[in-house]
>>> print(open('final.txt').read())   # compact mmCIF, C-alpha atoms
# COMPACT_ATOMS: atom_id res chain seq x y z
CA MET A 1 -45.80 36.22 22.89
CA ASN A 2 -44.56 32.77 21.98
CA VAL A 3 -42.79 32.53 18.63
CA VAL A 4 -41.95 29.12 17.19
CA ILE A 5 -39.78 28.81 14.09
CA SER A 6 -39.70 25.39 12.48
CA ASN A 7 -38.93 23.87 9.13
CA LYS A 8 -41.85 24.17 6.70
CA GLU A 9 -44.36 21.34 6.56
CA GLY A 10 -43.11 18.85 4.04
CA ALA A 11 -39.51 19.99 4.32
CA ARG A 12 -37.06 17.53 5.83
CA ASP A 13 -36.14 18.19 9.43
CA PRO A 14 -32.95 16.25 10.18
CA GLU A 15 -32.83 17.27 13.83
CA GLY A 16 -36.39 16.19 14.53
CA GLU A 17 -35.86 12.97 12.57
CA THR A 18 -32.69 12.16 14.51
CA ILE A 19 -34.34 12.81 17.87
CA LEU A 20 -37.24 10.56 16.84
CA ARG A 21 -35.15 7.72 15.41
CA ASP A 22 -32.02 7.62 17.59
CA LEU A 23 -33.40 8.75 20.92
CA VAL A 24 -37.17 8.31 21.18
CA HIS A 25 -37.81 5.14 19.16
CA ARG A 26 -34.57 3.55 20.31
CA SER A 27 -35.62 4.08 23.90
CA GLY A 28 -38.95 2.35 23.43
CA PHE A 29 -41.37 5.22 22.84
CA GLY A 30 -42.69 3.56 19.70
CA ASP A 31 -46.06 5.30 19.80
CA VAL A 32 -44.44 8.64 19.07
CA LYS A 33 -45.01 9.20 15.37
CA ALA A 34 -43.29 12.47 14.52
CA ILE A 35 -41.10 15.13 16.03
CA ARG A 36 -40.35 18.51 14.50
CA ALA A 37 -37.48 20.53 15.93
CA GLY A 38 -37.54 24.29 15.96
CA LYS A 39 -36.59 27.40 17.82
CA SER A 40 -38.77 29.06 20.35
CA LEU A 41 -38.57 32.73 21.31
CA ARG A 42 -40.56 34.20 24.13
CA VAL A 43 -41.08 37.85 23.41
CA GLU A 44 -42.31 40.31 25.99
CA VAL A 45 -44.09 43.32 24.50
CA GLU A 46 -44.62 46.54 26.42
CA GLY A 47 -48.17 47.72 27.08
CA ALA A 48 -49.84 46.36 23.97
CA ASP A 49 -53.08 44.40 23.79
CA GLU A 50 -52.85 40.85 22.51
CA ARG A 51 -53.86 41.53 18.92
CA ALA A 52 -51.51 44.50 18.59
CA ALA A 53 -48.69 42.56 20.21
CA GLU A 54 -49.12 39.68 17.79
CA ALA A 55 -49.09 42.05 14.80
CA LEU A 56 -45.97 43.75 16.15
CA VAL A 57 -44.16 40.47 16.68
CA ARG A 58 -45.10 39.22 13.20
CA LYS A 59 -43.86 42.47 11.68
CA MET A 60 -40.62 42.19 13.64
CA CYS A 61 -40.07 38.59 12.55
CA ASP A 62 -40.67 39.54 8.91
CA GLU A 63 -38.59 42.69 8.86
CA LEU A 64 -35.64 41.31 10.80
CA ARG A 65 -35.87 38.00 8.99
CA ILE A 66 -35.98 36.19 12.31
CA TYR A 67 -37.13 33.23 10.24
CA ASN A 68 -36.29 32.45 6.64
CA PRO A 69 -39.59 32.24 4.76
CA ALA A 70 -37.98 30.08 2.09
CA ALA A 71 -37.39 27.28 4.57
CA HIS A 72 -39.26 27.99 7.78
CA SER A 73 -42.75 28.48 9.00
CA LEU A 74 -43.55 30.95 11.73
CA HIS A 75 -46.04 30.38 14.50
CA VAL A 76 -46.95 33.29 16.78
CA GLU A 77 -49.34 33.00 19.68
CA ALA A 78 -50.15 34.97 22.77
CA GLY A 79 -48.76 33.53 25.95
CA ARG A 80 -47.62 34.73 29.31
CA LEU A 81 -43.95 34.72 30.18
CA THR A 82 -43.36 32.27 32.97
CA GLY A 83 -40.31 30.91 34.70
CA MET B 84 -4.20 -3.29 27.14
CA ARG B 85 -7.17 -3.20 24.77
CA VAL B 86 -8.86 0.17 24.56
CA ALA B 87 -12.14 0.73 22.73
CA VAL B 88 -12.57 4.05 20.95
CA VAL B 89 -16.34 4.31 20.52
CA ARG B 90 -17.57 5.75 17.25
CA PHE B 91 -20.90 7.50 16.98
CA PRO B 92 -22.34 9.02 13.83
CA GLY B 93 -20.57 12.40 13.85
CA SER B 94 -17.52 11.45 15.92
CA ASN B 95 -14.45 13.04 14.35
CA CYS B 96 -11.58 12.68 16.81
CA ASP B 97 -11.81 8.88 16.83
CA LEU B 98 -8.88 8.29 14.47
CA ASP B 99 -6.72 10.84 16.30
CA ALA B 100 -7.40 9.00 19.56
CA VAL B 101 -6.43 5.69 17.96
CA ALA B 102 -3.24 7.19 16.48
CA ALA B 103 -2.29 8.78 19.80
CA MET B 104 -2.68 5.52 21.71
CA ARG B 105 -1.01 3.46 19.02
CA SER B 106 2.12 5.53 19.58
CA ILE B 107 2.34 4.17 23.12
CA ALA B 108 3.71 0.63 23.22
CA GLY B 109 1.40 -1.59 25.22
CA LEU B 110 -1.86 0.13 24.31
CA SER B 111 -4.00 -1.53 21.63
CA PRO B 112 -6.72 0.89 20.59
CA GLU B 113 -9.59 -0.29 18.39
CA LEU B 114 -12.53 1.52 16.84
CA VAL B 115 -15.86 0.16 18.08
CA TRP B 116 -19.20 1.19 16.55
CA HIS B 117 -21.67 2.43 19.16
CA GLU B 118 -24.14 -0.34 18.33
CA SER B 119 -21.55 -3.09 18.75
CA ASP B 120 -22.12 -5.76 21.41
CA LYS B 121 -18.36 -6.30 21.80
CA LEU B 122 -17.65 -3.24 23.90
CA GLY B 123 -17.72 -5.17 27.18
CA ARG B 124 -14.57 -7.07 26.23
CA TYR B 125 -12.26 -4.07 26.43
CA ASP B 126 -10.04 -3.01 29.32
CA ALA B 127 -10.77 0.69 28.91
CA VAL B 128 -13.01 2.96 26.84
CA VAL B 129 -12.38 6.32 25.19
CA LEU B 130 -15.34 8.41 24.03
CA PRO B 131 -13.78 10.67 21.41
CA GLY B 132 -14.59 14.22 20.42
CA GLY B 133 -16.77 15.30 17.55
CA PHE B 134 -20.42 16.11 17.01
CA SER B 135 -22.24 12.86 17.76
CA PHE B 136 -25.69 12.81 16.16
CA GLY B 137 -25.07 16.31 14.84
CA ASP B 138 -25.21 17.81 18.36
CA TYR B 139 -28.99 17.70 17.88
CA LEU B 140 -31.15 18.45 20.91
CA ARG B 141 -28.04 19.12 23.05
CA ALA B 142 -24.42 18.11 22.51
CA GLY B 143 -24.09 14.50 23.68
CA SER B 144 -27.75 14.02 24.59
CA ILE B 145 -28.62 11.45 21.93
CA ALA B 146 -25.36 9.48 22.18
CA ALA B 147 -26.00 9.30 25.93
CA ARG B 148 -28.94 6.94 25.19
CA SER B 149 -27.12 4.83 22.61
CA PRO B 150 -26.55 1.09 23.12
CA ALA B 151 -22.86 1.71 23.89
CA MET B 152 -23.75 3.78 26.92
CA SER B 153 -25.71 0.97 28.61
CA THR B 154 -22.59 -1.18 28.43
CA ILE B 155 -20.34 1.69 29.48
CA ARG B 156 -22.53 2.31 32.52
CA ARG B 157 -21.97 -1.29 33.65
CA MET B 158 -18.24 -1.08 32.88
CA ALA B 159 -18.00 2.16 34.86
CA ASP B 160 -19.63 0.44 37.86
CA ARG B 161 -17.05 -2.34 37.64
CA GLY B 162 -14.23 0.21 37.76
CA THR B 163 -13.19 0.07 34.11
CA PRO B 164 -11.34 3.27 33.13
CA ILE B 165 -13.57 5.44 30.92
CA LEU B 166 -12.29 8.67 29.34
CA GLY B 167 -14.52 11.21 27.60
CA VAL B 168 -12.81 13.89 25.55
CA CYS B 169 -14.74 17.00 24.48
CA ASN B 170 -17.97 15.59 22.97
CA GLY B 171 -17.13 12.41 24.93
CA PHE B 172 -17.22 14.50 28.13
CA GLN B 173 -20.56 15.98 27.04
CA ILE B 174 -21.88 12.44 26.48
CA LEU B 175 -20.75 11.28 29.95
CA VAL B 176 -22.47 14.28 31.53
CA GLU B 177 -25.67 13.75 29.53
CA ALA B 178 -25.62 10.06 30.49
CA GLY B 179 -25.40 11.01 34.16
CA LEU B 180 -22.06 9.27 34.65
CA LEU B 181 -20.56 12.64 35.54
CA PRO B 182 -22.45 15.50 37.23
CA GLY B 183 -23.18 18.99 35.96
CA ALA B 184 -23.62 20.40 32.48
CA LEU B 185 -21.51 21.76 29.64
CA LEU B 186 -23.05 25.01 28.50
CA ARG B 187 -22.41 27.43 25.66
CA ASN B 188 -19.07 29.23 26.14
CA SER B 189 -19.56 32.56 27.87
CA SER B 190 -18.12 34.33 24.81
CA LEU B 191 -20.78 32.58 22.68
CA LYS B 192 -17.89 31.69 20.37
CA PHE B 193 -16.41 28.40 19.32
CA VAL B 194 -12.97 28.54 20.96
CA CYS B 195 -10.06 26.86 19.23
CA ASP B 196 -6.80 27.41 21.10
CA TRP B 197 -3.95 25.87 23.05
CA VAL B 198 -4.41 26.17 26.79
CA ASN B 199 -2.64 25.37 30.04
CA LEU B 200 -4.23 22.76 32.25
CA ARG B 201 -3.35 22.19 35.87
CA VAL B 202 -3.66 18.64 37.15
CA ASP B 203 -5.51 18.82 40.46
CA SER B 204 -6.07 15.13 40.95
CA PRO B 205 -3.33 12.65 40.03
CA ARG B 206 -5.30 9.73 41.46
CA THR B 207 -7.37 8.87 38.36
CA PRO B 208 -6.23 6.18 35.89
CA PHE B 209 -5.63 8.96 33.37
CA THR B 210 -3.43 11.16 35.56
CA LEU B 211 -1.39 8.62 37.55
CA LEU B 212 1.86 9.78 35.99
CA ALA B 213 1.22 13.47 36.67
CA GLN B 214 2.35 15.43 39.70
CA GLU B 215 -0.32 17.36 41.54
CA GLY B 216 -0.19 20.92 40.22
CA GLN B 217 1.65 19.93 37.05
CA VAL B 218 0.75 22.13 34.08
CA LEU B 219 -0.02 20.40 30.78
CA ARG B 220 -0.42 22.08 27.41
CA MET B 221 -3.26 20.89 25.16
CA PRO B 222 -5.68 22.33 22.63
CA ILE B 223 -9.37 22.97 23.09
CA ALA B 224 -11.92 23.24 20.26
CA HIS B 225 -15.53 23.57 21.29
CA GLY B 226 -18.54 25.85 21.48
CA GLU B 227 -20.25 24.21 24.43
CA GLY B 228 -17.70 23.50 27.11
CA ARG B 229 -18.41 25.89 29.93
CA TYR B 230 -18.62 23.55 32.87
CA TYR B 231 -21.43 24.29 35.25
CA ALA B 232 -22.56 22.55 38.40
CA ALA B 233 -24.90 23.75 41.11
CA ASP B 234 -23.15 25.02 44.24
CA ASP B 235 -23.74 21.88 46.32
CA GLU B 236 -22.58 19.67 43.44
CA MET B 237 -19.47 21.79 43.00
CA ARG B 238 -18.72 21.55 46.72
CA ALA B 239 -19.05 17.75 46.53
CA LEU B 240 -16.64 17.70 43.58
CA GLU B 241 -14.13 19.83 45.48
CA ARG B 242 -14.47 17.78 48.67
CA GLY B 243 -14.11 14.49 46.83
CA ARG B 244 -11.07 15.80 44.94
CA ARG B 245 -12.93 15.06 41.74
CA ILE B 246 -11.88 18.16 39.87
CA VAL B 247 -9.13 16.61 37.79
CA PHE B 248 -8.10 19.52 35.55
CA ARG B 249 -8.44 23.30 35.78
CA TYR B 250 -7.59 25.93 33.20
CA SER B 251 -4.60 27.83 34.56
CA ASP B 252 -1.81 30.15 33.53
CA GLU B 253 1.59 28.70 32.68
CA TYR B 254 2.55 28.77 36.36
CA GLY B 255 -0.46 26.75 37.43
CA LYS B 256 -2.55 29.61 38.81
CA ALA B 257 -6.23 29.14 37.97
CA VAL B 258 -6.97 32.81 37.27
CA ALA B 259 -9.91 34.32 35.39
CA GLY B 260 -7.70 35.31 32.45
CA SER B 261 -6.76 31.68 31.87
CA ASN B 262 -10.36 30.50 31.63
CA PRO B 263 -11.15 30.37 27.91
CA THR B 264 -14.83 29.41 28.18
CA GLY B 265 -15.97 30.91 31.46
CA ALA B 266 -16.14 27.50 33.13
CA SER B 267 -17.20 27.46 36.78
CA ARG B 268 -14.07 27.69 38.92
CA ASN B 269 -11.88 27.08 35.86
CA VAL B 270 -13.00 23.43 35.71
CA ALA B 271 -11.74 21.70 32.56
CA GLY B 272 -12.18 18.08 33.64
CA ILE B 273 -13.76 16.04 36.43
CA SER B 274 -14.13 12.44 37.57
CA ASN B 275 -16.83 10.31 39.14
CA GLU B 276 -16.60 9.36 42.82
CA GLN B 277 -14.55 6.23 42.17
CA GLY B 278 -12.21 8.19 39.92
CA ASN B 279 -12.36 5.71 37.03
CA VAL B 280 -14.65 7.85 34.83
CA VAL B 281 -12.96 11.05 33.67
CA GLY B 282 -14.20 13.71 31.27
CA LEU B 283 -12.30 16.74 29.99
CA MET B 284 -12.89 19.33 27.31
CA PRO B 285 -9.26 19.66 26.09
CA HIS B 286 -7.91 17.18 23.54
CA PRO B 287 -5.00 15.07 24.83
CA GLU B 288 -5.00 13.06 21.58
CA ARG B 289 -4.09 16.23 19.67
CA ALA B 290 -1.09 16.85 21.91
CA CYS B 291 0.76 13.59 21.33
CA ASP B 292 2.88 14.35 18.28
CA PRO B 293 5.30 17.31 18.13
CA LEU B 294 4.51 17.69 14.42
CA PHE B 295 0.95 18.76 15.21
CA SER B 296 1.73 20.96 18.18
CA PRO B 297 2.90 24.58 17.80
CA SER B 298 4.92 24.41 21.01
CA GLY B 299 6.04 20.84 20.44
CA SER B 300 3.91 19.75 23.40
CA VAL B 301 3.32 16.03 23.73
CA ASP B 302 1.69 16.42 27.14
CA GLY B 303 -1.36 14.47 25.99
CA ARG B 304 0.76 11.33 26.02
CA LEU B 305 0.79 11.51 29.80
CA ILE B 306 -2.96 10.82 29.85
CA PHE B 307 -2.71 7.65 27.80
CA ALA B 308 0.59 6.52 29.33
CA SER B 309 -1.07 6.83 32.75
CA LEU B 310 -3.82 4.50 31.59
CA LEU B 311 -1.23 1.89 30.71
CA GLU B 312 0.71 2.49 33.92
CA GLY B 313 -2.41 1.80 35.99
CA ALA B 314 -2.97 -1.50 34.19
CA THR B 315 0.50 -2.88 34.79
>>> encode(input="final.txt", output="structure tokens")
Amino acid sequence: MNVVISNKEGARDPEGETILRDLVHRSGFGDVKAIRAGKSLRVEVEGADERAAEALVRKMCDELRIYNPAAHSLHVEAGRLTG
Amino acid sequence: MRVAVVRFPGSNCDLDAVAAMRSIAGLSPELVWHESDKLGRYDAVVLPGGFSFGDYLRAGSIAARSPAMSTIRRMADRGTPILGVCNGFQILVEAGLLPGALLRNSSLKFVCDWVNLRVDSPRTPFTLLAQEGQVLRMPIAHGEGRYYAADDEMRALERGRRIVFRYSDEYGKAVAGSNPTGASRNVAGISNEQGNVVGLMPHPERACDPLFSPSGSVDGRLIFASLLEGAT
């Protein structure tokens, strides 16, 4: 499963803003309009089907407070582990 | 000798670097903003420690694409002495002026300590006054300073005598117990092929005044005095 934790929509994201302003725009990639930074976790789940795995990962993220719901949004999607 | 100390948003060892060099007669350090077009006029450049651009993306990765670095790349090609300390070293690596990468310390901790450094290459403009094998005492303070280079890169560094500093014990033995961050082969500092671009994780500018050093070490002065020695 791929888990992406990022700042909530509408919340400021200083890291993404800095990457956009001081690296991307400064280097000439002016067509890039927005960048949001976040953390990505790739979670391997034993023997579960996709739907069950997603539910398990969501439960884990909630219970262990892997993201802070006050500030972050959580995105969970099925994906194979590669590399 | 006019030395530029380049300031990025988030640099925080810039004033220490200026103070350290000011204490050496003959060196004229000046703060230069990273967007300045005056950088090319200086005889040497110091990239100070700190957290340029908040360490966003990766430590040093955004500063590596700043206007200052285009100029510094040209100066480096001309043989101008360039020193990167801590975050400055990370910037030089991210800019491709030095090989390898500086990864999270193996302990996963920010390490703040005084360490022994063995000088393995006295041929750079920043180590001219050192003896090969001389042990210097300086502090380190970083979370991402574990030097890593792929095997072939590391062999090229060794062959070219481009490993300038290694973490060692007080007798100059580079043993595992004297490696505070888990750096590959105890590497604490390296140079480019020409030897004029040097990066190191320890802070020579914080080892220049006995008042600020628990052991009274002023070994950092050797780095800046060497710079002056090479120019005269």
>>> interface_residues(input="final.txt", of="chain B", to="chain A", cutoff="7 Å", atoms="all atoms listed in the file", output="PyMOL selection string")
chain B and resi 139+145+148
>>> residues_around(input="final.txt", residues="Met1 (chain A)", least_positions_apart="3", cutoff="10 Å", atoms="only C-alpha atoms", output="list of chain:residue names")
A:Val4, A:Leu41, A:Arg42, A:Val43, A:Glu44, A:Val45, A:Glu50, A:Ala53, A:Glu54, A:Val57, A:Val76, A:Glu77, A:Ala78, A:Gly79, A:Arg80, A:Leu81
>>> closest_residue(input="final.txt", among="B:Gly123, B:Gly260, B:Gly313, B:Gly272", to="Pro285 (chain B)", atoms="only C-alpha atoms")
B:Gly272
>>> residues_around(input="final.txt", residues="Ser40 (chain A)", least_positions_apart="6", cutoff="9 Å", atoms="only C-alpha atoms", output="JSON, numbers by chain")
{"A": [2, 3, 4, 5, 6]}
>>> residues_around(input="final.txt", residues="Gly303 (chain B)", least_positions_apart="3", cutoff="8 Å", atoms="all atoms listed in the file", output="PDB file with C-alpha atoms, in the frame of the given file")
ATOM      1  CA  LEU B 219      -0.020  20.400  30.780  1.00  0.00           C
ATOM      2  CA  ARG B 220      -0.420  22.080  27.410  1.00  0.00           C
ATOM      3  CA  MET B 221      -3.260  20.890  25.160  1.00  0.00           C
ATOM      4  CA  HIS B 286      -7.910  17.180  23.540  1.00  0.00           C
ATOM      5  CA  PRO B 287      -5.000  15.070  24.830  1.00  0.00           C
ATOM      6  CA  GLU B 288      -5.000  13.060  21.580  1.00  0.00           C
ATOM      7  CA  ARG B 289      -4.090  16.230  19.670  1.00  0.00           C
ATOM      8  CA  ALA B 290      -1.090  16.850  21.910  1.00  0.00           C
ATOM      9  CA  CYS B 291       0.760  13.590  21.330  1.00  0.00           C
ATOM     10  CA  SER B 300       3.910  19.750  23.400  1.00  0.00           C
ATOM     11  CA  ILE B 306      -2.960  10.820  29.850  1.00  0.00           C
ATOM     12  CA  PHE B 307      -2.710   7.650  27.800  1.00  0.00           C
TER      13      PHE B 307
END
>>> atom_distance(input="final.txt", atom1="CA of Gly137 (chain B)", atom2="CA of Asp31 (chain A)")
24.2 Å
>>> atom_distance(input="final.txt", atom1="CA of Ala257 (chain B)", atom2="CA of Val270 (chain B)")
9.1 Å
>>> residues_around(input="final.txt", residues="region 238-249 of chain B", least_positions_apart="5", cutoff="7 Å", atoms="only C-alpha atoms", output="list in words")
Leu200, Arg201, Val202, Asp203, Ser204, Ala257, Asn269, Val270, Ala271, Gly272, Ile273, Ser274, Asn275 and Glu276 of chain B
>>> closest_residue(input="final.txt", among="B:Tyr231, B:Thr264, B:Val88, B:Ser119", to="Ala102 (chain B)", atoms="all atoms listed in the file")
B:Val88
>>> atom_distance(input="final.txt", atom1="CA of Phe91 (chain B)", atom2="CA of Leu20 (chain A)")
16.6 Å
>>> residues_around(input="final.txt", residues="Asp252 (chain B)", least_positions_apart="2", cutoff="6 Å", atoms="all atoms listed in the file", output="list of chain:residue names")
B:Asn199, B:Tyr254, B:Gly255, B:Lys256, B:Ser261
>>> write_last_selection(input="final.txt", atoms="C-alpha atoms", output="PDB file, in the coordinates of the input")
ATOM      1  CA  ASN B 199      -2.640  25.370  30.040  1.00  0.00           C
ATOM      2  CA  TYR B 254       2.550  28.770  36.360  1.00  0.00           C
ATOM      3  CA  GLY B 255      -0.460  26.750  37.430  1.00  0.00           C
ATOM      4  CA  LYS B 256      -2.550  29.610  38.810  1.00  0.00           C
ATOM      5  CA  SER B 261      -6.760  31.680  31.870  1.00  0.00           C
TER       6      SER B 261
END
>>> residues_near_point(input="final.txt", point="(-13.8, 1.2, 39.3)", cutoff="10 Å", atoms="all atoms listed in the file", output="ChimeraX atom specification")
/B:158-165,208,275-280
>>> closest_residue(input="final.txt", among="B:Arg85, B:Arg268, B:Arg105, B:Arg141", to="Ile174 (chain B)", atoms="all atoms listed in the file")
B:Arg141
>>> closest_residue(input="final.txt", among="B:Gln217, B:Asn262, B:Asn188, B:Thr315", to="Arg229 (chain B)", atoms="only C-alpha atoms")
B:Asn188
>>> build_atoms(input="final.txt", residues="region 10-35 of chain A", atoms="N, CA and C atoms", output="PDB file, in the frame of the given file")
ATOM      1  N   GLY A  10     -43.541  19.482   5.275  1.00  0.00           N
ATOM      2  CA  GLY A  10     -43.110  18.850   4.040  1.00  0.00           C
ATOM      3  C   GLY A  10     -41.615  18.948   3.797  1.00  0.00           C
ATOM      4  N   ALA A  11     -40.965  19.910   4.463  1.00  0.00           N
ATOM      5  CA  ALA A  11     -39.510  19.990   4.320  1.00  0.00           C
ATOM      6  C   ALA A  11     -38.875  19.012   5.303  1.00  0.00           C
ATOM      7  N   ARG A  12     -37.752  18.443   4.919  1.00  0.00           N
ATOM      8  CA  ARG A  12     -37.060  17.530   5.830  1.00  0.00           C
ATOM      9  C   ARG A  12     -36.596  18.283   7.063  1.00  0.00           C
ATOM     10  N   ASP A  13     -36.586  17.593   8.178  1.00  0.00           N
ATOM     11  CA  ASP A  13     -36.140  18.190   9.430  1.00  0.00           C
ATOM     12  C   ASP A  13     -35.189  17.200  10.096  1.00  0.00           C
ATOM     13  N   PRO A  14     -33.899  17.266   9.708  1.00  0.00           N
ATOM     14  CA  PRO A  14     -32.950  16.250  10.180  1.00  0.00           C
ATOM     15  C   PRO A  14     -32.841  16.182  11.705  1.00  0.00           C
ATOM     16  N   GLU A  15     -32.951  17.318  12.372  1.00  0.00           N
ATOM     17  CA  GLU A  15     -32.830  17.270  13.830  1.00  0.00           C
ATOM     18  C   GLU A  15     -34.006  16.526  14.452  1.00  0.00           C
ATOM     19  N   GLY A  16     -35.215  16.877  14.012  1.00  0.00           N
ATOM     20  CA  GLY A  16     -36.390  16.190  14.530  1.00  0.00           C
ATOM     21  C   GLY A  16     -36.355  14.700  14.206  1.00  0.00           C
ATOM     22  N   GLU A  17     -35.926  14.383  12.981  1.00  0.00           N
ATOM     23  CA  GLU A  17     -35.860  12.970  12.570  1.00  0.00           C
ATOM     24  C   GLU A  17     -34.862  12.192  13.418  1.00  0.00           C
ATOM     25  N   THR A  18     -33.722  12.834  13.719  1.00  0.00           N
ATOM     26  CA  THR A  18     -32.690  12.160  14.510  1.00  0.00           C
ATOM     27  C   THR A  18     -33.169  11.937  15.945  1.00  0.00           C
ATOM     28  N   ILE A  19     -33.815  12.949  16.501  1.00  0.00           N
ATOM     29  CA  ILE A  19     -34.340  12.810  17.870  1.00  0.00           C
ATOM     30  C   ILE A  19     -35.358  11.669  17.914  1.00  0.00           C
ATOM     31  N   LEU A  20     -36.220  11.602  16.889  1.00  0.00           N
ATOM     32  CA  LEU A  20     -37.240  10.560  16.840  1.00  0.00           C
ATOM     33  C   LEU A  20     -36.619   9.168  16.689  1.00  0.00           C
ATOM     34  N   ARG A  21     -35.700   9.036  15.738  1.00  0.00           N
ATOM     35  CA  ARG A  21     -35.150   7.720  15.410  1.00  0.00           C
ATOM     36  C   ARG A  21     -34.143   7.233  16.460  1.00  0.00           C
ATOM     37  N   ASP A  22     -33.168   8.084  16.800  1.00  0.00           N
ATOM     38  CA  ASP A  22     -32.020   7.620  17.590  1.00  0.00           C
ATOM     39  C   ASP A  22     -32.200   7.799  19.094  1.00  0.00           C
ATOM     40  N   LEU A  23     -33.180   8.566  19.486  1.00  0.00           N
ATOM     41  CA  LEU A  23     -33.400   8.750  20.920  1.00  0.00           C
ATOM     42  C   LEU A  23     -34.750   8.168  21.331  1.00  0.00           C
ATOM     43  N   VAL A  24     -35.819   8.633  20.713  1.00  0.00           N
ATOM     44  CA  VAL A  24     -37.170   8.310  21.180  1.00  0.00           C
ATOM     45  C   VAL A  24     -37.552   6.875  20.824  1.00  0.00           C
ATOM     46  N   HIS A  25     -37.449   6.509  19.552  1.00  0.00           N
ATOM     47  CA  HIS A  25     -37.810   5.140  19.160  1.00  0.00           C
ATOM     48  C   HIS A  25     -36.846   4.125  19.752  1.00  0.00           C
ATOM     49  N   ARG A  26     -35.568   4.468  19.774  1.00  0.00           N
ATOM     50  CA  ARG A  26     -34.570   3.550  20.310  1.00  0.00           C
ATOM     51  C   ARG A  26     -34.817   3.283  21.789  1.00  0.00           C
ATOM     52  N   SER A  27     -35.390   4.229  22.469  1.00  0.00           N
ATOM     53  CA  SER A  27     -35.620   4.080  23.900  1.00  0.00           C
ATOM     54  C   SER A  27     -37.002   3.529  24.211  1.00  0.00           C
ATOM     55  N   GLY A  28     -37.710   3.082  23.184  1.00  0.00           N
ATOM     56  CA  GLY A  28     -38.950   2.350  23.430  1.00  0.00           C
ATOM     57  C   GLY A  28     -40.233   3.164  23.336  1.00  0.00           C
ATOM     58  N   PHE A  29     -40.148   4.428  22.986  1.00  0.00           N
ATOM     59  CA  PHE A  29     -41.370   5.220  22.840  1.00  0.00           C
ATOM     60  C   PHE A  29     -41.903   5.097  21.410  1.00  0.00           C
ATOM     61  N   GLY A  30     -42.310   3.866  21.068  1.00  0.00           N
ATOM     62  CA  GLY A  30     -42.690   3.560  19.700  1.00  0.00           C
ATOM     63  C   GLY A  30     -43.975   4.231  19.236  1.00  0.00           C
ATOM     64  N   ASP A  31     -44.800   4.656  20.171  1.00  0.00           N
ATOM     65  CA  ASP A  31     -46.060   5.300  19.800  1.00  0.00           C
ATOM     66  C   ASP A  31     -45.866   6.731  19.313  1.00  0.00           C
ATOM     67  N   VAL A  32     -44.694   7.275  19.551  1.00  0.00           N
ATOM     68  CA  VAL A  32     -44.440   8.640  19.070  1.00  0.00           C
ATOM     69  C   VAL A  32     -44.226   8.572  17.564  1.00  0.00           C
ATOM     70  N   LYS A  33     -45.021   9.339  16.823  1.00  0.00           N
ATOM     71  CA  LYS A  33     -45.010   9.200  15.370  1.00  0.00           C
ATOM     72  C   LYS A  33     -44.180  10.257  14.662  1.00  0.00           C
ATOM     73  N   ALA A  34     -44.057  11.417  15.206  1.00  0.00           N
ATOM     74  CA  ALA A  34     -43.290  12.470  14.520  1.00  0.00           C
ATOM     75  C   ALA A  34     -42.795  13.490  15.527  1.00  0.00           C
ATOM     76  N   ILE A  35     -41.636  14.033  15.228  1.00  0.00           N
ATOM     77  CA  ILE A  35     -41.100  15.130  16.030  1.00  0.00           C
ATOM     78  C   ILE A  35     -40.540  16.175  15.078  1.00  0.00           C
TER      79      ILE A  35
END
